[in-house]
$ cat start-v8.csv   # CSV, C-alpha atoms
chain,number,residue,atom,x,y,z
R,247,MET,CA,120.2,107.2,124.7
R,248,THR,CA,118.7,109.7,127.1
R,249,MET,CA,115.4,111.6,126.7
R,250,ILE,CA,115.9,115.0,125.0
R,251,SER,CA,114.0,118.2,124.8
R,252,VAL,CA,111.5,119.1,122.1
R,253,GLU,CA,113.8,121.8,120.8
R,254,ASP,CA,116.8,119.5,120.6
R,255,ALA,CA,114.7,116.8,118.8
R,256,ARG,CA,113.5,119.3,116.2
R,257,GLU,CA,117.1,120.3,115.6
R,258,ARG,CA,118.2,116.8,115.1
R,259,LEU,CA,115.3,115.7,112.9
R,260,VAL,CA,113.9,118.7,111.1
R,261,VAL,CA,116.7,121.4,111.0
R,262,ALA,CA,119.3,118.8,110.1
R,263,ALA,CA,117.3,117.7,107.0
R,264,GLU,CA,118.0,119.0,103.5
R,265,PRO,CA,115.5,119.3,100.7
R,266,ILE,CA,115.4,116.5,98.2
R,267,ARG,CA,117.0,117.3,94.8
R,268,ARG,CA,114.9,115.2,92.5
R,269,THR,CA,112.9,117.3,90.0
R,270,VAL,CA,109.9,116.6,87.9
R,271,ALA,CA,108.0,118.5,85.2
R,272,VAL,CA,104.3,119.0,86.0
R,273,SER,CA,101.4,120.6,84.2
R,274,LEU,CA,100.2,124.0,85.4
R,275,CYS,CA,97.1,122.2,86.9
R,276,GLU,CA,99.4,120.2,89.1
R,277,ALA,CA,101.9,123.0,90.1
R,278,ALA,CA,100.2,124.9,92.9
R,279,GLY,CA,101.7,124.0,96.3
R,280,ARG,CA,104.9,122.6,94.7
R,281,VAL,CA,108.3,124.2,95.1
R,282,LEU,CA,109.8,125.6,91.8
R,283,ALA,CA,113.1,124.0,90.9
R,284,GLU,CA,114.1,126.3,88.0
R,285,ASP,CA,113.6,130.0,87.3
R,286,VAL,CA,110.5,130.7,85.2
R,287,VAL,CA,111.7,133.0,82.4
R,288,ALA,CA,109.1,134.9,80.3
R,289,LYS,CA,108.8,133.6,76.7
R,290,ARG,CA,106.8,136.6,75.6
R,291,THR,CA,106.0,140.2,76.5
R,292,GLN,CA,102.8,141.1,78.4
R,293,PRO,CA,101.0,142.8,77.0
R,294,GLY,CA,102.5,142.4,73.6
R,295,PHE,CA,101.0,145.6,72.3
R,296,ASP,CA,99.8,148.9,73.7
R,297,ALA,CA,96.4,148.1,75.1
R,298,SER,CA,93.4,150.1,76.3
R,299,ALA,CA,92.8,150.1,80.0
R,300,MET,CA,89.1,151.3,79.6
R,301,ASP,CA,86.1,151.1,77.3
R,302,GLY,CA,86.0,154.2,75.2
R,303,TYR,CA,87.6,155.7,72.1
R,304,ALA,CA,91.1,155.6,70.8
R,305,LEU,CA,92.2,158.9,69.4
R,306,ARG,CA,94.8,161.6,69.3
R,307,ALA,CA,94.9,163.6,72.5
R,308,ALA,CA,95.4,166.8,70.6
R,309,ASP,CA,91.9,166.3,69.1
R,310,THR,CA,90.2,166.6,72.5
R,311,ALA,CA,91.4,170.1,73.3
R,312,ALA,CA,88.7,172.7,73.8
R,313,PRO,CA,86.7,173.9,72.0
R,314,PHE,CA,85.5,170.4,71.3
R,315,HIS,CA,84.9,169.3,67.7
R,316,PRO,CA,83.1,166.2,66.4
R,317,LEU,CA,85.4,163.3,65.4
R,318,ALA,CA,84.7,160.7,62.8
R,319,VAL,CA,84.4,157.1,64.2
R,320,ILE,CA,86.2,155.0,61.6
R,321,GLY,CA,86.0,151.5,63.2
R,322,GLU,CA,86.2,149.3,66.3
R,323,SER,CA,89.0,147.5,68.2
R,324,ALA,CA,88.1,144.7,70.6
R,325,ALA,CA,90.1,142.1,72.5
R,326,GLY,CA,91.2,139.6,69.9
R,327,ARG,CA,89.9,141.7,67.0
R,328,ALA,CA,92.2,144.7,66.5
R,329,PHE,CA,91.4,147.6,64.2
R,330,SER,CA,93.8,147.3,61.2
R,331,GLY,CA,93.8,150.9,60.0
R,332,LYS,CA,95.4,154.1,61.2
R,333,VAL,CA,93.8,156.9,63.2
R,334,GLY,CA,94.4,160.3,61.7
R,335,PRO,CA,93.6,163.8,62.7
R,336,GLY,CA,89.9,164.3,63.5
R,337,GLU,CA,89.3,160.5,63.7
R,338,ALA,CA,88.6,158.0,66.5
R,339,VAL,CA,88.1,154.3,66.9
R,340,ARG,CA,85.6,152.6,69.3
R,341,ILE,CA,87.7,150.5,71.7
R,342,PHE,CA,87.2,148.1,74.5
R,343,THR,CA,89.3,147.2,77.6
R,344,GLY,CA,92.3,145.0,76.6
R,345,ALA,CA,92.0,145.7,72.9
R,346,PRO,CA,95.1,146.9,70.9
R,347,VAL,CA,95.4,150.7,70.5
R,348,PRO,CA,95.3,151.4,66.8
R,349,GLU,CA,98.3,153.0,65.0
R,350,GLY,CA,98.1,156.8,65.2
R,351,ALA,CA,96.1,157.0,68.4
R,352,ASP,CA,97.9,158.1,71.6
R,353,ALA,CA,95.2,158.2,74.2
R,354,ILE,CA,91.8,156.7,75.3
R,355,LEU,CA,88.8,158.9,75.9
R,356,ILE,CA,86.6,156.9,78.3
R,357,GLN,CA,83.0,156.4,77.1
R,358,GLU,CA,81.6,158.4,80.1
R,359,ASP,CA,83.4,161.5,78.8
R,360,ALA,CA,82.0,161.2,75.2
R,361,GLU,CA,78.7,161.4,73.4
R,362,ARG,CA,77.7,160.4,70.0
R,363,THR,CA,75.9,162.8,67.7
R,364,ALA,CA,72.8,161.9,65.6
R,365,ASP,CA,75.0,161.2,62.6
R,366,GLY,CA,77.3,158.9,64.5
R,367,ALA,CA,80.2,161.3,65.1
R,368,LEU,CA,82.0,161.4,68.5
R,369,LEU,CA,81.9,164.6,70.5
R,370,PRO,CA,84.5,164.7,73.4
R,371,LYS,CA,83.3,166.2,76.7
R,372,GLU,CA,86.6,166.1,78.4
R,373,ALA,CA,90.2,166.6,77.3
R,374,VAL,CA,92.7,163.8,77.6
R,375,SER,CA,96.5,163.8,77.8
R,376,PRO,CA,98.9,161.6,75.7
R,377,SER,CA,99.1,158.0,77.0
R,378,GLN,CA,96.1,158.4,79.2
R,379,HIS,CA,94.3,155.1,79.9
R,380,ILE,CA,96.8,153.1,77.8
R,381,ARG,CA,98.7,150.2,79.1
R,382,PRO,CA,102.0,150.2,77.2
R,383,ALA,CA,103.5,147.0,75.8
R,384,GLY,CA,105.6,145.2,78.4
R,385,VAL,CA,104.1,147.0,81.4
R,386,ASP,CA,103.5,143.7,83.1
R,387,PHE,CA,106.7,141.9,82.0
R,388,SER,CA,109.0,141.5,79.0
R,389,ALA,CA,110.4,138.5,77.2
R,390,GLY,CA,113.6,137.2,78.9
R,391,GLY,CA,112.7,138.5,82.3
R,392,ILE,CA,112.5,136.2,85.4
R,393,LEU,CA,108.8,135.8,86.4
R,394,VAL,CA,109.2,133.4,89.3
R,395,LYS,CA,112.4,132.4,91.0
R,396,ALA,CA,113.6,128.9,91.8
R,397,GLY,CA,112.7,127.9,95.4
R,398,THR,CA,109.3,129.6,95.3
R,399,LEU,CA,106.4,127.8,96.8
R,400,LEU,CA,104.0,128.1,93.9
R,401,SER,CA,100.8,130.0,94.8
R,402,PRO,CA,97.8,130.2,92.4
R,403,GLY,CA,99.0,133.7,91.4
R,404,ALA,CA,102.5,132.4,90.6
R,405,VAL,CA,101.0,129.6,88.5
R,406,ALA,CA,98.9,132.1,86.6
R,407,LEU,CA,101.9,134.3,86.0
R,408,ALA,CA,103.9,131.3,84.6
R,409,ALA,CA,101.0,130.5,82.3
R,410,SER,CA,100.9,134.1,81.1
R,411,GLY,CA,104.6,133.9,80.4
R,412,GLY,CA,104.0,131.0,78.0
R,413,HIS,CA,104.8,128.0,80.1
R,414,PRO,CA,102.5,125.0,79.9
R,415,ARG,CA,104.7,122.9,82.3
R,416,LEU,CA,106.9,123.8,85.2
R,417,THR,CA,109.9,122.0,86.7
R,418,VAL,CA,109.4,121.5,90.5
R,419,LEU,CA,111.0,119.6,93.3
R,420,ASP,CA,109.6,116.1,93.5
R,421,ARG,CA,107.3,115.3,96.5
R,422,PRO,CA,109.0,113.4,99.3
R,423,LYS,CA,107.9,109.7,99.3
R,424,VAL,CA,106.8,108.8,102.8
R,425,ALA,CA,106.0,105.2,103.7
R,426,VAL,CA,103.5,104.9,106.6
R,427,LEU,CA,103.1,101.7,108.5
R,428,ALA,CA,100.7,101.0,111.3
R,429,THR,CA,101.8,98.2,113.7
R,430,GLY,CA,100.0,96.0,116.2
R,431,ASP,CA,98.1,92.7,116.5
R,432,GLU,CA,95.1,94.6,117.8
R,433,LEU,CA,94.6,96.7,114.6
R,434,VAL,CA,92.0,96.2,111.8
R,435,SER,CA,91.3,98.4,108.9
R,436,PRO,CA,88.2,100.7,108.9
R,437,GLY,CA,85.2,98.8,107.7
R,438,GLU,CA,86.5,95.4,108.8
R,439,ALA,CA,84.9,93.4,111.5
R,440,VAL,CA,86.4,94.3,114.9
R,441,GLY,CA,87.1,91.2,117.0
R,442,PRO,CA,87.7,90.8,120.7
R,443,SER,CA,90.6,92.9,121.9
R,444,GLN,CA,90.8,94.7,118.6
R,445,ILE,CA,90.5,98.3,117.6
R,446,VAL,CA,90.2,100.2,114.3
R,447,ALA,CA,93.5,101.6,112.9
R,448,SER,CA,92.9,105.3,112.7
R,449,ASN,CA,96.2,107.1,113.3
R,450,SER,CA,97.7,106.2,109.9
R,451,TYR,CA,95.0,108.1,108.1
R,452,GLY,CA,95.6,111.2,110.2
R,453,VAL,CA,99.3,110.9,109.7
R,454,ALA,CA,98.9,110.4,106.0
R,455,ALA,CA,96.8,113.6,105.8
R,456,LEU,CA,99.5,115.5,107.5
R,457,VAL,CA,102.1,114.2,105.1
R,458,GLU,CA,100.0,115.2,102.1
R,459,ALA,CA,99.3,118.6,103.5
R,460,SER,CA,103.0,119.2,104.1
R,461,GLY,CA,104.0,118.5,100.5
R,462,GLY,CA,104.7,114.7,100.6
R,463,VAL,CA,103.2,111.7,98.9
R,464,VAL,CA,102.2,108.7,101.0
R,465,VAL,CA,103.2,105.1,100.3
R,466,ASP,CA,100.5,103.2,102.3
R,467,CYS,CA,102.1,100.1,103.9
R,468,GLY,CA,98.9,99.1,105.7
R,469,ILE,CA,99.1,97.2,109.0
R,470,ALA,CA,101.9,95.0,110.2
R,471,LYS,CA,101.5,92.4,113.0
R,472,ASP,CA,103.7,92.5,116.1
R,473,ASP,CA,106.4,90.6,114.3
R,474,GLU,CA,110.0,91.8,113.8
R,475,ASP,CA,110.5,90.2,110.5
R,476,GLU,CA,107.2,91.6,109.0
R,477,ILE,CA,108.1,95.1,110.2
R,478,ALA,CA,111.7,94.8,108.9
R,479,GLY,CA,110.3,93.6,105.5
R,480,HIS,CA,108.3,96.8,105.2
R,481,LEU,CA,111.4,98.9,106.1
R,482,ASP,CA,113.4,97.0,103.5
R,483,ARG,CA,110.8,97.6,100.8
R,484,ALA,CA,110.7,101.3,101.6
R,485,LEU,CA,114.4,101.4,101.1
R,486,SER,CA,114.3,99.5,97.8
R,487,GLU,CA,111.5,101.8,96.5
R,488,GLY,CA,113.5,104.9,97.2
R,489,CYS,CA,111.3,106.3,100.0
R,490,ASP,CA,112.6,109.5,101.6
R,491,CYS,CA,111.0,108.7,105.0
R,492,PHE,CA,109.7,105.6,106.7
R,493,VAL,CA,107.1,106.2,109.4
R,494,THR,CA,105.9,103.6,111.9
R,495,ILE,CA,102.9,104.1,114.2
R,496,GLY,CA,102.8,102.1,117.5
R,497,GLY,CA,105.4,99.9,119.1
R,498,ALA,CA,107.8,102.7,119.8
R,499,SER,CA,107.8,102.3,123.6
R,500,VAL,CA,109.8,99.8,125.6
R,501,GLY,CA,107.3,97.0,126.4
R,502,ASP,CA,107.6,93.4,125.3
R,503,HIS,CA,105.4,94.0,122.2
R,504,ASP,CA,107.1,97.3,121.3
R,505,LEU,CA,109.3,96.1,118.5
R,506,ILE,CA,110.2,99.2,116.4
R,507,GLY,CA,113.4,99.9,118.4
R,508,LYS,CA,114.5,96.3,118.0
R,509,VAL,CA,114.0,96.4,114.3
R,510,PHE,CA,115.8,99.8,114.0
R,511,SER,CA,118.7,98.4,116.0
R,512,ALA,CA,118.9,95.2,113.9
R,513,ARG,CA,118.9,97.3,110.7
R,514,LYS,CA,121.8,99.4,112.1
R,515,VAL,CA,119.7,102.6,112.0
R,516,GLU,CA,121.7,105.7,112.9
R,517,MET,CA,119.5,107.0,115.7
R,518,ALA,CA,118.9,110.6,116.4
R,519,PHE,CA,116.8,110.1,119.6
R,520,LEU,CA,114.6,107.5,121.3
R,521,LYS,CA,112.5,109.6,123.7
R,522,VAL,CA,111.4,113.2,123.8
R,523,ALA,CA,110.5,115.1,127.0
R,524,MET,CA,107.0,116.0,125.9
R,525,ARG,CA,103.4,115.1,126.8
R,526,PRO,CA,101.8,113.5,125.0
R,527,GLY,CA,104.3,111.7,122.7
R,528,LYS,CA,107.3,110.8,124.8
R,529,PRO,CA,107.9,107.4,123.1
R,530,LEU,CA,109.1,109.0,119.8
R,531,MET,CA,112.1,107.8,118.0
R,532,ALA,CA,113.9,109.0,114.9
R,533,GLY,CA,117.0,108.1,112.9
R,534,ARG,CA,118.2,107.4,109.3
R,535,ILE,CA,119.5,104.7,107.0
R,536,GLY,CA,121.5,106.4,104.4
R,537,ALA,CA,119.3,109.1,102.9
R,538,MET,CA,116.1,107.7,104.3
R,539,ARG,CA,114.7,109.2,107.5
R,540,LEU,CA,112.9,106.9,110.0
R,541,VAL,CA,110.3,108.2,112.5
R,542,GLY,CA,108.7,105.9,115.1
R,543,LEU,CA,105.5,107.5,116.3
R,544,PRO,CA,103.7,106.3,119.5
R,545,GLY,CA,100.5,104.4,119.2
R,546,ASN,CA,98.0,106.4,121.3
R,547,PRO,CA,96.0,108.6,118.9
R,548,ALA,CA,96.7,112.0,120.4
R,549,SER,CA,100.3,111.1,121.1
R,550,SER,CA,100.8,110.0,117.5
R,551,MET,CA,99.1,113.0,116.0
R,552,VAL,CA,100.8,115.6,118.3
R,553,ALA,CA,104.2,114.0,117.5
R,554,ALA,CA,103.5,114.0,113.8
R,555,THR,CA,102.4,117.6,113.9
R,556,LEU,CA,105.5,118.7,115.7
R,557,PHE,CA,108.1,116.6,114.0
R,558,LEU,CA,106.9,114.7,110.9
R,559,ALA,CA,105.0,117.5,109.2
R,560,PRO,CA,107.9,120.0,109.3
R,561,LEU,CA,110.3,117.3,108.3
R,562,VAL,CA,108.3,116.5,105.2
R,563,ALA,CA,107.9,120.2,104.4
R,564,ARG,CA,111.6,120.7,104.7
R,565,LEU,CA,112.3,117.7,102.4
R,566,ALA,CA,109.8,119.2,100.0
R,567,GLY,CA,111.8,122.4,100.0
R,568,ARG,CA,109.0,124.5,101.5
R,569,PRO,CA,109.9,127.5,103.7
R,570,ASP,CA,110.4,126.8,107.4
R,571,ARG,CA,107.7,128.1,109.7
R,572,PRO,CA,108.0,128.9,113.4
R,573,MET,CA,106.7,126.1,115.6
R,574,ALA,CA,104.5,128.3,117.8
R,575,ARG,CA,102.8,131.6,117.8
R,576,ARG,CA,101.5,134.0,120.5
R,577,ALA,CA,98.0,133.8,122.0
R,578,ILE,CA,96.2,134.7,125.2
R,579,LEU,CA,95.0,132.3,127.8
R,580,GLY,CA,91.2,131.9,128.1
R,581,ALA,CA,91.3,130.1,131.4
R,582,ASP,CA,93.5,129.5,134.5
R,583,ILE,CA,95.9,126.6,134.2
R,584,PRO,CA,98.0,124.8,136.8
R,585,GLU,CA,101.7,124.6,136.9
R,586,ASN,CA,103.4,122.2,134.5
R,587,GLY,CA,105.6,119.2,135.2
R,588,PRO,CA,109.1,118.3,133.9
R,589,ARG,CA,108.1,117.8,130.3
R,590,THR,CA,106.9,120.2,127.6
R,591,ASP,CA,103.1,119.9,127.6
R,592,PHE,CA,101.0,120.2,124.5
R,593,MET,CA,97.4,120.7,125.6
R,594,ARG,CA,94.6,120.2,123.1
R,595,SER,CA,92.8,123.5,123.0
R,596,GLN,CA,90.1,125.5,121.3
R,597,THR,CA,90.3,129.1,120.1
R,598,ALA,CA,88.1,132.2,120.0
R,599,LEU,CA,88.7,135.8,119.1
R,600,GLY,CA,88.9,138.3,121.9
R,601,GLU,CA,87.3,141.7,121.8
R,602,ASP,CA,90.6,143.2,120.7
R,603,GLY,CA,91.0,140.6,117.9
R,604,SER,CA,93.6,138.6,119.8
R,605,LEU,CA,93.6,134.7,119.7
R,606,VAL,CA,92.2,133.4,123.0
R,607,VAL,CA,93.0,129.8,123.8
R,608,THR,CA,91.2,127.5,126.2
R,609,PRO,CA,92.4,123.9,127.0
R,610,LEU,CA,89.8,121.2,126.6
R,611,SER,CA,88.7,119.7,129.9
R,612,ARG,CA,90.1,116.2,129.1
R,613,GLN,CA,93.7,115.6,127.9
R,614,ASP,CA,94.0,111.8,127.9
R,615,SER,CA,96.3,110.8,125.0
R,616,SER,CA,94.0,107.9,124.0
R,617,LEU,CA,91.0,110.3,123.2
R,618,LEU,CA,90.9,110.9,119.5
R,619,SER,CA,87.6,112.8,119.8
R,620,ILE,CA,89.4,115.4,122.0
R,621,TYR,CA,92.2,115.8,119.5
R,622,ALA,CA,89.8,116.2,116.6
R,623,ALA,CA,87.9,118.9,118.5
R,624,ALA,CA,91.0,121.0,119.1
R,625,GLN,CA,92.2,123.8,116.8
R,626,VAL,CA,95.6,124.3,118.5
R,627,LEU,CA,98.0,122.9,121.0
R,628,LEU,CA,98.7,125.1,124.0
R,629,MET,CA,102.5,124.7,124.5
R,630,ARG,CA,103.7,124.8,128.1
R,631,PRO,CA,107.5,124.7,128.9
R,632,PRO,CA,108.8,122.3,131.5
R,633,HIS,CA,108.1,123.5,135.0
R,634,ALA,CA,106.0,126.4,133.9
R,635,PRO,CA,104.3,128.1,136.8
R,636,ALA,CA,100.5,128.3,137.1
R,637,ALA,CA,99.0,130.9,134.7
R,638,ARG,CA,95.8,132.9,134.8
R,639,ALA,CA,93.3,133.8,132.1
R,640,GLY,CA,94.5,136.8,130.1
R,641,GLU,CA,98.2,136.0,130.3
R,642,PRO,CA,100.2,135.4,127.1
R,643,CYS,CA,101.0,131.9,125.9
R,644,GLN,CA,102.3,130.0,122.9
R,645,VAL,CA,100.3,127.8,120.7
R,646,VAL,CA,101.0,125.3,117.8
R,647,ASP,CA,98.5,125.3,115.0
R,648,LEU,CA,96.8,122.0,114.0
R,649,GLY,CA,96.1,121.4,110.4
$ encode --input "start-v8.csv" --output "structure tokens"
Amino acid sequence: MTMISVEDARERLVVAAEPIRRTVAVSLCEAAGRVLAEDVVAKRTQPGFDASAMDGYALRAADTAAPFHPLAVIGESAAGRAFSGKVGPGEAVRIFTGAPVPEGADAILIQEDAERTADGALLPKEAVSPSQHIRPAGVDFSAGGILVKAGTLLSPGAVALAASGGHPRLTVLDRPKVAVLATGDELVSPGEAVGPSQIVASNSYGVAALVEASGGVVVDCGIAKDDEDEIAGHLDRALSEGCDCFVTIGGASVGDHDLIGKVFSARKVEMAFLKVAMRPGKPLMAGRIGAMRLVGLPGNPASSMVAATLFLAPLVARLAGRPDRPMARRAILGADIPENGPRTDFMRSQTALGEDGSLVVTPLSRQDSSLLSIYAAAQVLLMRPPHAPAARAGEPCQVVDLG
């Protein structure tokens, strides 16, 4: 299988994926960031009564016509404590924002336009018109109306709206289950003693963070030695546990100790691609077994994280039902850069705001794919097409956001 372009690889892996159809009911506290599976229909009307929009006095608008005459204040209406009587001619009720408007009143005189006489009567200073400063019942929404449509990525505001409509729980798409396995005899977990020729496994934690941020839930498979049977055992367990995606880190190249391709072949994985014409991240493979996607990420830290950002994160978001986002956006170069080679280059870069508010992007001085410190210092990836000519500071460019 030949090396393919970044665009072709995204088509085969990301665009070809369909959202999972499993649903789960969650509490409102767990709903933000999830994708709604069913329309949220209002169970009540909001507000359920005519309500005051201001602090002031509920009265009949006709009683505020000039010349002004004192009105008798016969009670008070506050939020949660409505006035139970009726407002008649020459009468008013002290009222507060959000409180029910008493029967008989048709307007609110705000407190700044009123004064109280020595004997407690109300003397209007301005005339009001009928319905002034009153929020009519149902002005926000009415029972039976759709508050939030299925397929919506639930924002905090949408969650609050659902709560106001009387829903303590919402039915959402389940999170994609993503098994993450680091591979390599050289790896030890953070905090463990690092022996000769060993390094700390770090990529899996960054990849897991990307999965969670994209709407998935991580199944941590830990570290597998360079052993085909051990790696295959993790793959089989991911299948048996109903994982939606199985991700390996390391061993995706073609060396004697790169075993992921051999395991995928032995398990009859339907491969989508084996290499991508990109730098860093060329040894990237993807395929599927039934409904489960498989992604083999390279082992170098920057290669692994760049590939996960470009391919795994949007795949998980798509499986979660989240809206598709463009891969790149426009920016302005902050430094001269040389011509590019035959692969799409993703240069770890930092950003600043130009005087006109534009995003200015400057590549970091070192781009070695083994340098995790350089990746962590970057805010974006400067994307350069194959064979792009040299470019100068101030010219437009395309960037991919990190995080």
$ residues_near_point --input "start-v8.csv" --point "(91.8, 119.7, 118.2)" --cutoff "8 Å" --atoms "all atoms listed in the file" --output "list in words"
Arg594, Ser595, Gln596, Ile620, Tyr621, Ala622, Ala623, Ala624, Gln625, Val626, Leu627 and Leu648 of chain R
$ closest_atom_pairs --input "start-v8.csv" --of "range 309-369 of chain R" --to "range 286-304 of chain R" --cutoff "9 Å" --atoms "all atoms listed in the file" --output "JSON lines"
{"residue": "R:Val319", "atom": "CA", "partner": "R:Tyr303", "partner_atom": "CA", "distance": 8.6}
{"residue": "R:Glu322", "atom": "CA", "partner": "R:Tyr303", "partner_atom": "CA", "distance": 8.7}
{"residue": "R:Ser323", "atom": "CA", "partner": "R:Ala304", "partner_atom": "CA", "distance": 8.8}
{"residue": "R:Val333", "atom": "CA", "partner": "R:Ala304", "partner_atom": "CA", "distance": 8.2}
{"residue": "R:Glu337", "atom": "CA", "partner": "R:Ala304", "partner_atom": "CA", "distance": 8.8}
{"residue": "R:Ala338", "atom": "CA", "partner": "R:Ala304", "partner_atom": "CA", "distance": 5.5}
{"residue": "R:Val339", "atom": "CA", "partner": "R:Ala304", "partner_atom": "CA", "distance": 5.1}
{"residue": "R:Arg340", "atom": "CA", "partner": "R:Tyr303", "partner_atom": "CA", "distance": 4.6}
{"residue": "R:Ile341", "atom": "CA", "partner": "R:Tyr303", "partner_atom": "CA", "distance": 5.2}
{"residue": "R:Phe342", "atom": "CA", "partner": "R:Asp301", "partner_atom": "CA", "distance": 4.2}
{"residue": "R:Thr343", "atom": "CA", "partner": "R:Met300", "partner_atom": "CA", "distance": 4.6}
{"residue": "R:Gly344", "atom": "CA", "partner": "R:Ser298", "partner_atom": "CA", "distance": 5.2}
{"residue": "R:Ala345", "atom": "CA", "partner": "R:Ala297", "partner_atom": "CA", "distance": 5.5}
{"residue": "R:Pro346", "atom": "CA", "partner": "R:Ala297", "partner_atom": "CA", "distance": 4.6}
{"residue": "R:Val347", "atom": "CA", "partner": "R:Ala297", "partner_atom": "CA", "distance": 5.4}
{"residue": "R:Pro348", "atom": "CA", "partner": "R:Ala304", "partner_atom": "CA", "distance": 7.2}
{"residue": "R:Ala351", "atom": "CA", "partner": "R:Ala304", "partner_atom": "CA", "distance": 5.7}
{"residue": "R:Asp352", "atom": "CA", "partner": "R:Ala304", "partner_atom": "CA", "distance": 7.3}
{"residue": "R:Ala353", "atom": "CA", "partner": "R:Ala304", "partner_atom": "CA", "distance": 5.9}
{"residue": "R:Ile354", "atom": "CA", "partner": "R:Ala304", "partner_atom": "CA", "distance": 4.7}
{"residue": "R:Leu355", "atom": "CA", "partner": "R:Tyr303", "partner_atom": "CA", "distance": 5.1}
{"residue": "R:Ile356", "atom": "CA", "partner": "R:Gly302", "partner_atom": "CA", "distance": 4.2}
{"residue": "R:Gln357", "atom": "CA", "partner": "R:Gly302", "partner_atom": "CA", "distance": 4.2}
{"residue": "R:Glu358", "atom": "CA", "partner": "R:Gly302", "partner_atom": "CA", "distance": 7.8}
{"residue": "R:Asp359", "atom": "CA", "partner": "R:Gly302", "partner_atom": "CA", "distance": 8.5}
{"residue": "R:Ala360", "atom": "CA", "partner": "R:Gly302", "partner_atom": "CA", "distance": 8.1}
{"residue": "R:Leu368", "atom": "CA", "partner": "R:Tyr303", "partner_atom": "CA", "distance": 8.8}
$ atom_distance --input "start-v8.csv" --atom1 "CA of Arg256 in chain R" --atom2 "CA of Pro572 in chain R"
11.4 Å
$ closest_residue --input "start-v8.csv" --among "R:Glu641, R:Glu257, R:Asp591, R:Asp602" --to "Ile578 in chain R" --atoms "all atoms listed in the file"
R:Glu641
$ closest_residue --input "start-v8.csv" --among "R:Pro642, R:Gly580, R:Pro547, R:Pro529" --to "Thr248 in chain R" --atoms "only C-alpha atoms"
R:Pro529
$ closest_residue --input "start-v8.csv" --among "R:Cys489, R:Val453, R:Ala311, R:Val418" --to "Val281 in chain R" --atoms "all atoms listed in the file"
R:Val418
$ atom_distance --input "start-v8.csv" --atom1 "CA of Ile495 in chain R" --atom2 "CA of Lys528 in chain R"
13.3 Å
$ residues_around --input "start-v8.csv" --residues "Leu543 in chain R" --least-positions-apart "5" --cutoff "9 Å" --atoms "all atoms listed in the file" --output "list in words"
Val493, Thr494, Ile495, Gly496, Gly497, Ala498, Gly527, Pro529, Leu530, Met531, Ala532, Ser549, Ser550, Met551, Ala553 and Ala554 of chain R
$ residues_around --input "start-v8.csv" --residues "Ala639 in chain R" --least-positions-apart "6" --cutoff "9 Å" --atoms "all atoms listed in the file" --output "JSON list (two decimals) with C-alpha atoms, keeping the file's coordinate frame"
[["chain", "number", "residue", "atom", "x", "y", "z"],
["R", 578, "ILE", "CA", 96.20, 134.70, 125.20],
["R", 579, "LEU", "CA", 95.00, 132.30, 127.80],
["R", 580, "GLY", "CA", 91.20, 131.90, 128.10],
["R", 581, "ALA", "CA", 91.30, 130.10, 131.40],
["R", 582, "ASP", "CA", 93.50, 129.50, 134.50],
["R", 583, "ILE", "CA", 95.90, 126.60, 134.20],
["R", 608, "THR", "CA", 91.20, 127.50, 126.20]]
$ residues_around --input "start-v8.csv" --residues "Leu393 in chain R" --least-positions-apart "5" --cutoff "12 Å" --atoms "only C-alpha atoms" --output "ChimeraX atom specification"
/R:282,284-292,386-388,398,400,403-413
$ residues_near_point --input "start-v8.csv" --point "(108.1, 112.0, 92.7)" --cutoff "8 Å" --atoms "only C-alpha atoms" --output "list of chain:residue names"
R:Arg268, R:Thr269, R:Val270, R:Asp420, R:Arg421, R:Pro422, R:Lys423, R:Val463
$ residues_around --input "start-v8.csv" --residues "range 509-519 of chain R" --least-positions-apart "6" --cutoff "8 Å" --atoms "all atoms listed in the file" --output "list in words"
Met247, Thr248, Met249, Ile250, Ala255, Arg258, Leu259, Glu474, Ile477, Ala478, Leu530, Met531, Ala532, Gly533, Arg534 and Ile535 of chain R
$ residues_around --input "start-v8.csv" --residues "Pro316 in chain R" --least-positions-apart "5" --cutoff "12 Å" --atoms "all atoms listed in the file" --output "VMD selection string"
chain R and resid 309 to 311 335 to 338 360 to 371
$ closest_residue --input "start-v8.csv" --among "R:Gly640, R:Pro313, R:Pro588, R:Pro560" --to "Leu605 in chain R" --atoms "only C-alpha atoms"
R:Gly640
$ closest_residue --input "start-v8.csv" --among "R:Glu458, R:Val434, R:Cys643, R:Ser448" --to "Ser616 in chain R" --atoms "all atoms listed in the file"
R:Ser448
$ atom_distance --input "start-v8.csv" --atom1 "CA of Met593 in chain R" --atom2 "CA of Arg638 in chain R"
15.4 Å
$ closest_residue --input "start-v8.csv" --among "R:Val272, R:Ala548, R:Leu416, R:Ala283" --to "Leu617 in chain R" --atoms "only C-alpha atoms"
R:Ala548
